[in-house]
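**Student:** Supplied in structure tokens, the structure appears directly below.
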Amino acid sequence: MLRIKSDPNVCIGCGLCRIWCKVEHSPSKNISKAFKPAAPPTLSCVELEERGCESFASMCRHCEEPLCVYGCITGAMRKDPQTGLVTVDRSKCVGCWTCILMCPNGAIVRDERNGYTALKCDMCLERGFPSCVEHCPNDALVIEEVEDV
């Protein structure tokens with residue numbers, strides 16, 4: 001199973017992970033258009049945590065036992081048995097926010113621009129490789145293979 005790992009020893013807190021996540025999830029997928037004043041706001045699935053002079057990116061951990069999936073009343077949250085990725089079928093999400101309450105990592109946000117549905121890291125499935133990892137200038141984000149957590 002693949003996961004994104006953040007290394008606080010090399011993270012400089014620049015926030016480019018958040019920016020590229022926003023670009024990837026924007027309708028245009030273009031950095032110059034994603035931040036235009038007329039463009040609808042795009043959320044990031046990445047949070048930048050800072051403690052003193054240490055910083056690191058935080059996103060969905062795609063848990064082995066995902067509480068968000070167990071708490072989802074409509075089946076919108078699911079864990080793919082092949083890849084181990086926890087995803088949201090936004091067409092099934094009714095915005096009850098049980099997944100947000102259940103997530104121990106605070107990795108799910110409310111997407112108010114798309115009918116109040118849940119939004120979380122999807123490892124950029126559409127593009128095949130996480131944009132945050134690709135654009136991290138210090139290689140503070142890496143993809144790692146995880147057996148069991």
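All residue names refer to the structure tokens as shown: chains lettered A, B, ... in order, residues numbered from 1 in each chain, ligands numbered from 1 in order.
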Which neighbours of His62 (chain A) fall inside 8 Å, counting only C-alpha atoms, when residues of the same chain fewer than 3 positions from it are skipped, and could you give them as number ranges by chain?
**Tutor:** A: 3, 66, 84-86
**Student:** So which residues touch Glu50 (chain A) within 10 Å, counting only C-alpha atoms, skipping near sequence neighbours fewer than 3 positions away, as a list of chain:residue names?
**Tutor:**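 Near Glu50 (chain A), the qualifying residues are A:Pro8, A:Ile12, A:Gly13, A:Glu47, A:Cys53, A:Glu54, A:Ser55, A:Phe56, A:Ala57.
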**Student:** With only C-alpha atoms as the atoms that count, which of A:Cys63, A:Cys103, A:Cys11, A:Ile108 lies nearest to Asp80 (chain A)?
**Tutor:**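 Residue with the minimum atom-to-atom distance to Asp80 (chain A): A:Cys63.
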**Student:** Looking at only C-alpha atoms, which of A:Thr87, A:Glu147, A:Asn138, A:Gly115 is the one that sits closest to Val10 (chain A)?
**Tutor:**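 The shortest atom-to-atom distance to Val10 (chain A) comes from A:Asn138.
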**Student:** By how many Å are CA of Val146 (chain A) and CA of Pro130 (chain A) apart?
**Tutor:**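 Separation between CA of Val146 (chain A) and CA of Pro130 (chain A): 16.3 Å.
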**Student:** Going by DSSP on the backbone, which bits of chain A are strand (DSSP E)? Write them as a PyMOL selection string, please.
**Tutor:** chain A and resi 2-6+47-51+54-58+77-79+86-88+109-111+117-119+141-145
**Student:** Let me see the file: selected residues, C-alpha atoms, as a PDB file, in the first residue's frame.
**Tutor:**
```
ATOM      1  CA  LEU A   2       1.348   3.450  -0.890  1.00  0.00           C
ATOM      2  CA  ARG A   3       1.365   6.424   1.466  1.00  0.00           C
ATOM      3  CA  ILE A   4       2.707   9.959   1.383  1.00  0.00           C
ATOM      4  CA  LYS A   5       5.279  10.498   4.118  1.00  0.00           C
ATOM      5  CA  SER A   6       6.306  13.946   5.308  1.00  0.00           C
ATOM      6  CA  GLU A  47      -2.638  20.863   5.924  1.00  0.00           C
ATOM      7  CA  LEU A  48       0.669  22.439   6.854  1.00  0.00           C
ATOM      8  CA  GLU A  49       1.445  21.788  10.512  1.00  0.00           C
ATOM      9  CA  GLU A  50       3.951  24.011  12.288  1.00  0.00           C
ATOM     10  CA  ARG A  51       5.444  23.592  15.734  1.00  0.00           C
ATOM     11  CA  GLU A  54       9.564  22.499  12.673  1.00  0.00           C
ATOM     12  CA  SER A  55       6.939  22.051   9.948  1.00  0.00           C
ATOM     13  CA  PHE A  56       5.434  19.170   7.999  1.00  0.00           C
ATOM     14  CA  ALA A  57       2.592  18.438   5.609  1.00  0.00           C
ATOM     15  CA  SER A  58      -0.338  16.446   6.934  1.00  0.00           C
ATOM     16  CA  MET A  77     -16.337   6.592   1.834  1.00  0.00           C
ATOM     17  CA  ARG A  78     -14.691   3.352   0.803  1.00  0.00           C
ATOM     18  CA  LYS A  79     -11.365   1.603   1.017  1.00  0.00           C
ATOM     19  CA  VAL A  86      -9.589   5.494   1.062  1.00  0.00           C
ATOM     20  CA  THR A  87     -11.709   7.465  -1.395  1.00  0.00           C
ATOM     21  CA  VAL A  88     -14.943   9.467  -1.429  1.00  0.00           C
ATOM     22  CA  VAL A 109     -12.683  18.796   4.924  1.00  0.00           C
ATOM     23  CA  ARG A 110     -16.119  20.086   3.887  1.00  0.00           C
ATOM     24  CA  ASP A 111     -16.194  21.129   0.253  1.00  0.00           C
ATOM     25  CA  THR A 117     -19.533  17.064   0.187  1.00  0.00           C
ATOM     26  CA  ALA A 118     -16.499  15.553   1.889  1.00  0.00           C
ATOM     27  CA  LEU A 119     -13.073  16.130   0.363  1.00  0.00           C
ATOM     28  CA  LEU A 141       7.198  14.551   0.780  1.00  0.00           C
ATOM     29  CA  VAL A 142       7.914  11.065  -0.492  1.00  0.00           C
ATOM     30  CA  ILE A 143       5.847   8.051  -1.507  1.00  0.00           C
ATOM     31  CA  GLU A 144       6.510   5.032   0.656  1.00  0.00           C
ATOM     32  CA  GLU A 145       5.294   1.457   0.538  1.00  0.00           C
TER      33      GLU A 145
END
```
**Student:** Which residues, written as a PyMOL selection string, have at least one atom at most 10 Å from Glu24 (chain A), with only C-alpha atoms counted and residues fewer than 6 positions away on the same chain left out?
**Tutor:** chain A and resi 18+30-31+34+42+44+124+126-127+130-132
**Student:** For Thr74 (chain A), list every protein, DNA or RNA residue within 12 Å, evaluated using only C-alpha atoms, and leave out those in the same chain fewer than 3 positions away; present the list as a PDB file with N, CA and C atoms, in the first residue's frame.
**Tutor:**
```
ATOM      1  N   CYS A  68     -13.362   6.595   9.174  1.00  0.00           N
ATOM      2  CA  CYS A  68     -14.240   7.402   8.325  1.00  0.00           C
ATOM      3  C   CYS A  68     -15.125   6.509   7.457  1.00  0.00           C
ATOM      4  N   VAL A  69     -14.587   5.409   6.974  1.00  0.00           N
ATOM      5  CA  VAL A  69     -15.355   4.463   6.156  1.00  0.00           C
ATOM      6  C   VAL A  69     -16.407   3.786   7.021  1.00  0.00           C
ATOM      7  N   TYR A  70     -16.021   3.365   8.217  1.00  0.00           N
ATOM      8  CA  TYR A  70     -16.955   2.683   9.113  1.00  0.00           C
ATOM      9  C   TYR A  70     -18.097   3.602   9.537  1.00  0.00           C
ATOM     10  N   GLY A  71     -17.817   4.894   9.652  1.00  0.00           N
ATOM     11  CA  GLY A  71     -18.833   5.849  10.100  1.00  0.00           C
ATOM     12  C   GLY A  71     -19.706   6.410   8.997  1.00  0.00           C
ATOM     13  N   MET A  77     -17.746   6.828   1.503  1.00  0.00           N
ATOM     14  CA  MET A  77     -16.337   6.592   1.834  1.00  0.00           C
ATOM     15  C   MET A  77     -16.088   5.098   1.687  1.00  0.00           C
ATOM     16  N   ARG A  78     -15.009   4.766   0.958  1.00  0.00           N
ATOM     17  CA  ARG A  78     -14.691   3.352   0.803  1.00  0.00           C
ATOM     18  C   ARG A  78     -13.188   3.151   0.728  1.00  0.00           C
ATOM     19  N   VAL A  88     -13.587   8.961  -1.637  1.00  0.00           N
ATOM     20  CA  VAL A  88     -14.943   9.467  -1.429  1.00  0.00           C
ATOM     21  C   VAL A  88     -15.670   9.456  -2.767  1.00  0.00           C
ATOM     22  N   ASP A  89     -16.819   8.820  -2.805  1.00  0.00           N
ATOM     23  CA  ASP A  89     -17.701   8.925  -3.968  1.00  0.00           C
ATOM     24  C   ASP A  89     -18.603  10.114  -3.666  1.00  0.00           C
ATOM     25  N   ARG A  90     -18.251  11.259  -4.219  1.00  0.00           N
ATOM     26  CA  ARG A  90     -18.937  12.494  -3.872  1.00  0.00           C
ATOM     27  C   ARG A  90     -20.385  12.522  -4.345  1.00  0.00           C
ATOM     28  N   SER A  91     -20.749  11.638  -5.271  1.00  0.00           N
ATOM     29  CA  SER A  91     -22.144  11.575  -5.705  1.00  0.00           C
ATOM     30  C   SER A  91     -23.029  10.905  -4.640  1.00  0.00           C
ATOM     31  N   LYS A  92     -22.430  10.121  -3.732  1.00  0.00           N
ATOM     32  CA  LYS A  92     -23.170   9.470  -2.658  1.00  0.00           C
ATOM     33  C   LYS A  92     -23.131  10.254  -1.353  1.00  0.00           C
ATOM     34  N   CYS A  93     -22.198  11.203  -1.231  1.00  0.00           N
ATOM     35  CA  CYS A  93     -22.028  11.952   0.017  1.00  0.00           C
ATOM     36  C   CYS A  93     -23.216  12.890   0.241  1.00  0.00           C
ATOM     37  N   VAL A  94     -23.793  12.830   1.444  1.00  0.00           N
ATOM     38  CA  VAL A  94     -24.933  13.687   1.779  1.00  0.00           C
ATOM     39  C   VAL A  94     -24.545  14.818   2.727  1.00  0.00           C
ATOM     40  N   GLY A  95     -23.279  14.919   3.055  1.00  0.00           N
ATOM     41  CA  GLY A  95     -22.814  16.008   3.909  1.00  0.00           C
ATOM     42  C   GLY A  95     -23.218  15.870   5.367  1.00  0.00           C
ATOM     43  N   CYS A  96     -23.227  14.666   5.895  1.00  0.00           N
ATOM     44  CA  CYS A  96     -23.562  14.470   7.311  1.00  0.00           C
ATOM     45  C   CYS A  96     -22.363  14.737   8.214  1.00  0.00           C
ATOM     46  N   TRP A  97     -21.158  14.676   7.642  1.00  0.00           N
ATOM     47  CA  TRP A  97     -19.880  14.963   8.304  1.00  0.00           C
ATOM     48  C   TRP A  97     -19.478  13.937   9.363  1.00  0.00           C
ATOM     49  N   THR A  98     -20.092  12.772   9.344  1.00  0.00           N
ATOM     50  CA  THR A  98     -19.681  11.720  10.268  1.00  0.00           C
ATOM     51  C   THR A  98     -18.230  11.340  10.021  1.00  0.00           C
ATOM     52  N   CYS A  99     -17.810  11.341   8.754  1.00  0.00           N
ATOM     53  CA  CYS A  99     -16.421  11.000   8.423  1.00  0.00           C
ATOM     54  C   CYS A  99     -15.449  11.987   9.065  1.00  0.00           C
TER      55      CYS A  99
END
```
**Student:** Determine, counting only C-alpha atoms, which protein, DNA and RNA residues have an atom within 9 Å of an atom of Leu16 (chain A); residues of the same chain fewer than 3 positions away are not included. Present the result as a ChimeraX atom specification.
**Tutor:** /A:13,19-21,132,135-137
**Student:** What is the CA of Val133 (chain A) to CA of Met102 (chain A) distance in Å?
**Tutor:** 26.3 Å
